[in-house]
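Below you'll find the structure, written out as structure tokens, and then a few comments.
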Amino acid sequence: MKTKTIFLSLLSLIYIGCSSDDSSVPSQDIHGSLFVTVKDPDGKPVKDAKIDIGDLSGITGEDGTYFFTQATLTGDDVLLVEKAGYFKGSRRFTTKESHTQFLRVTLLPQEEIGNFSSTQSATIPIDSKSELTFPDHAVTRADGSAYNGNVHVLANPIYANDPLLSEKMPGALTGLDQSGAKVALGSLGMLAIELQADNGEELKIAPGKTVEIQFAISNQQAGQAPSTIPLWYFDEAKGYWVQEGQATRQGNAYVAQLPHFSFWNWDEVFTLIDWQGSFTYTDGRPAQNTKICVTILSLSTQRCGYTDADGRLSAPFPANEALELTVENDCGNIVLTKAVGPFTDNVKMDPVVLAGFNEHDYANISGIALQCDGSPLTSGYVRVNTGLNNFIFPIQDAEGHYEGGYVYCVGDVVTLQVYDLVNALVSLPHSISFDRALEAGSLKACEQVDEYLRYKITGFSREYIYFLMNMNRSNITKVNSLDSIGVKGKFGFTFDGTTTGQYQGYTLSGNQINLPNGQVGYVLNMAVNVTEYGGVGQYIRGNFTGRINVGGNGSGGSGDSDFSGSFSVKNK
């Protein structure tokens with residue numbers, strides 16, 4: 001079976017430290033990979049969610065995952081996730097080195113909690129514990145013009161004792177205070193909220209109006225919640241929580257006036273430090289994609305993240321607080337609980353050995369990854385799926401050997417896939433009977449992705465390959481890439497037809513494509529040969545040729561050059 005969810009890259013989340021360290025400034029131009037998993041609050045995979053990070057984009061497959069195999073990161077990046085019917089998700093994450101990172105995002109459904117007439121006041125329960133109170137004439141259209149009609153309130157709460165808080169919330173628990181300084185946050189609850197008209201048009205709170213919120217304090221924080229607490233809204237453009245106003249405690253709830261809607265958060269403020277760490281099993285192998293949680297004991301508020309493929313984590317954390325660190329495996333077992341902190345400065349913990357790890361949860365795997373011609377694969381990954389989680393093992397030597405340790409809890413099989421990064425090929429998913437010490441044998445990567453756009457420029461050795469295609473048609477056909485492999489920018493074109501045949505091609509994005517040396521080339525002309533034009537659900541395939549001006553500094557030489565390529569996209 002061929003798959004759309006083929007080439008991806010990775011993320012990193014939390015490092016934890018004990019020794020003083022001054023490496024708080026993120027590294028630049030970090031080349032790594034990102035494995036992103038998107039689910040709903042019930043733990044079901046979210047298919048067709050669009051993921052953006054920098055110039056790269058992708059769409060999740062049936063299992064709710066996407067793997068960016070090559071990505072250039074800044075060290076402090078924001079990943080965005082969206083799908084119709086859900087509140088937008090995002091994750092701000094820190095990367096220290098070029099490793100495969102694992103990131104999980106739980107998308108919150110835009111559930112209607114109530115509706116009312118825009119001319120009337122109304123109290124709308126969020127659930128059995130919290131509510132919103134709207135004054136009359138409190139809503140306008142998004143452009144500020146008057147609106148008279150039904151107002152539909154879409155909301156989803158995140159209480160502070162929610163074990164998925166770190167996956168549901170946008171960004172990270174990092175904010176910009178009223179002076180603009182970056183601070184660490186300790187959450188006592190969050191709310192995602194939007195207003196819509198009957199036709200789905202976005203509405204907003206009218207100028208000069210506010211909406212009162214009463215939001216329940218979790219039982220575990222009732223004895224620690226302060227009498228007043230700063231309010232924060234999430235700024236999607238900045239990727240940070242921004243301080244605006246405050247909430248006052250009344251009984252076991254916080255009450256506040258909200259002047260606009262987005263994600264809202266009520267948080268205590270802490271000094272920000274950089275926290276790093278690494279985790280290994282007793283045999284020295286990295287504990288990758290392992291859940292690490294840290295609780296601020298003074299607030300009973302927790303944040304969690306997942307180790308990268310080398311068992312490492314990195315994230316901003318609060319200073320001067322006593323903390324409790326816990327490590328949980330996929331089997332739901334807490335394998336380590338440890339008191340850490342308080343820390344007064346950036347810290348880097350000594351490696352933590354998970355000696356309490358249940359040996360019956362732990363497994364080893366090894367094997368040989370091959371190119372399609374049977375020669376050893378030297379640039380790529382092997383993905384191991386256990387049914388509960390994914391693990392990534394890089395090729396280790398010139399013979400295509402890979403090996404590693406992982407957690408296995410349920411079932412009788414594991415599924416393996418080999419990714420050949422050089423030739424942009426992947427193996428079919430290969431299921432193999434599980435064993436605690438599994439020798440998987442040899443596996444070839446021979447399958448091409450079902451949707452792609454690829455081209456070469458004369459004089460350049462490299463071939464450009466794009467995956468995760470988008471397609472539109474009316475009287476013309478538009479083919480556009482959402483994702484590029486190791487390439488900044490996107491490439492696409494149109495042609496005036498909806499059948500097989502020869503066409504003039506018109507490139508998108510101002511006729512620009514990116515050159516391997518980082519420069520921009522300009523397409524002078526392009527001919528498209530459509531060899532297959534299937535109906536809806538089938539494929540449109542073909543090839544193209546043309547001329548491109550690479551400029552005097554292009555590594556392919558001065559003047560114009562020929563280029564050629566091929567494409568395959570599903571007719572949607």
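Residue names in the structure tokens use chain letters A, B, ... in the order shown, residue numbers from 1 in each chain, and ligand numbers from 1 in the order shown.
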
Next item on the list: Compile the contact shell of Ala369 (chain A) as an NGL selection string: residues with an atom at most 12 Å away, counting only C-alpha atoms, same-chain residues fewer than 6 positions apart removed.
Entry: :A and (375-383 or 393-403 or 416-420 or 426-427 or 440-446)

Margin query: Taking 3 positions as the minimum chain separation for residues in the same chain, which residues sit within 7 Å of region 544-550 of chain A when counting only C-alpha atoms? Answer as a VMD selection string.
Written below: chain A and resid 521 to 529 554 558 to 566

Next item on the list: From a DSSP pass on the backbone, collect the residues of region 379-485 of chain A flagged as strand (DSSP E) and hand them back as a PyMOL selection string.
Entry: chain A and resi 380-385+390-394+401-407+413-420+425-426+430-433+437-445+447-448+452-457+463-473+477-484

For the selection just defined, write its residues with C-alpha atoms to a file, as a CSV table (one decimal), in the first residue's frame.
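Resulting contents of again.csv:
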```csv
chain,number,residue,atom,x,y,z
A,380,GLY,CA,17.5,7.1,5.9
A,381,TYR,CA,15.5,5.8,8.8
A,382,VAL,CA,13.6,2.8,10.0
A,383,ARG,CA,10.2,3.5,11.6
A,384,VAL,CA,8.8,1.0,14.1
A,385,ASN,CA,5.2,1.2,14.9
A,390,ASN,CA,6.2,5.2,16.8
A,391,PHE,CA,10.0,4.9,17.1
A,392,ILE,CA,12.7,6.1,14.7
A,393,PHE,CA,16.0,4.3,14.3
A,394,PRO,CA,18.6,5.9,11.9
A,401,HIS,CA,22.5,-1.7,9.9
A,402,TYR,CA,20.1,-0.2,12.4
A,403,GLU,CA,19.2,-1.2,16.0
A,404,GLY,CA,17.7,0.2,19.1
A,405,GLY,CA,15.4,-0.2,22.1
A,406,TYR,CA,11.7,0.7,22.5
A,407,VAL,CA,8.6,0.0,24.6
A,413,VAL,CA,3.2,-7.8,15.8
A,414,VAL,CA,5.2,-4.7,15.1
A,415,THR,CA,5.1,-2.8,11.7
A,416,LEU,CA,8.3,-1.6,10.1
A,417,GLN,CA,8.9,0.9,7.3
A,418,VAL,CA,12.3,1.9,5.7
A,419,TYR,CA,12.7,5.4,4.4
A,420,ASP,CA,15.3,6.0,1.7
A,425,LEU,CA,11.5,5.8,-1.6
A,426,VAL,CA,9.8,3.9,1.2
A,430,HIS,CA,6.1,-4.8,6.9
A,431,SER,CA,4.4,-6.6,9.8
A,432,ILE,CA,6.6,-9.1,11.8
A,433,SER,CA,5.8,-11.3,14.8
A,437,ALA,CA,14.9,-9.4,21.1
A,438,LEU,CA,13.8,-9.0,17.5
A,439,GLU,CA,16.1,-9.6,14.5
A,440,ALA,CA,14.0,-8.1,11.7
A,441,GLY,CA,16.2,-9.3,8.8
A,442,SER,CA,16.5,-7.2,5.6
A,443,LEU,CA,13.9,-4.8,4.2
A,444,LYS,CA,14.0,-2.9,0.9
A,445,ALA,CA,12.6,0.6,0.2
A,447,GLU,CA,7.8,2.2,-3.2
A,448,GLN,CA,7.3,5.7,-4.6
A,452,TYR,CA,4.7,13.9,-5.9
A,453,LEU,CA,6.3,16.6,-8.1
A,454,ARG,CA,10.0,16.2,-9.0
A,455,TYR,CA,12.3,18.0,-11.3
A,456,LYS,CA,16.0,18.5,-12.2
A,457,ILE,CA,17.9,21.4,-13.7
A,463,GLU,CA,16.8,16.3,-8.1
A,464,TYR,CA,14.1,18.3,-6.3
A,465,ILE,CA,11.3,16.2,-4.9
A,466,TYR,CA,8.0,17.5,-3.5
A,467,PHE,CA,5.3,15.5,-1.7
A,468,LEU,CA,1.8,16.0,-0.4
A,469,MET,CA,0.3,17.7,-3.4
A,470,ASN,CA,-2.8,19.9,-3.8
A,471,MET,CA,-5.0,19.9,-6.9
A,472,ASN,CA,-7.8,22.1,-8.2
A,473,ARG,CA,-9.7,22.1,-11.5
A,477,THR,CA,-5.9,22.2,-13.7
A,478,LYS,CA,-3.7,23.5,-10.9
A,479,VAL,CA,-1.0,21.3,-9.3
A,480,ASN,CA,0.6,22.7,-6.2
A,481,SER,CA,3.0,21.3,-3.6
A,482,LEU,CA,2.4,21.5,0.1
A,483,ASP,CA,5.6,20.0,1.2
A,484,SER,CA,9.2,20.0,-0.1
```

Item checked: Test item: residues at most 10 Å from Ala84 (chain A), only C-alpha atoms, excluding those fewer than 3 positions along its chain, as a ChimeraX atom specification -> /A:48-50,87-88,109-110
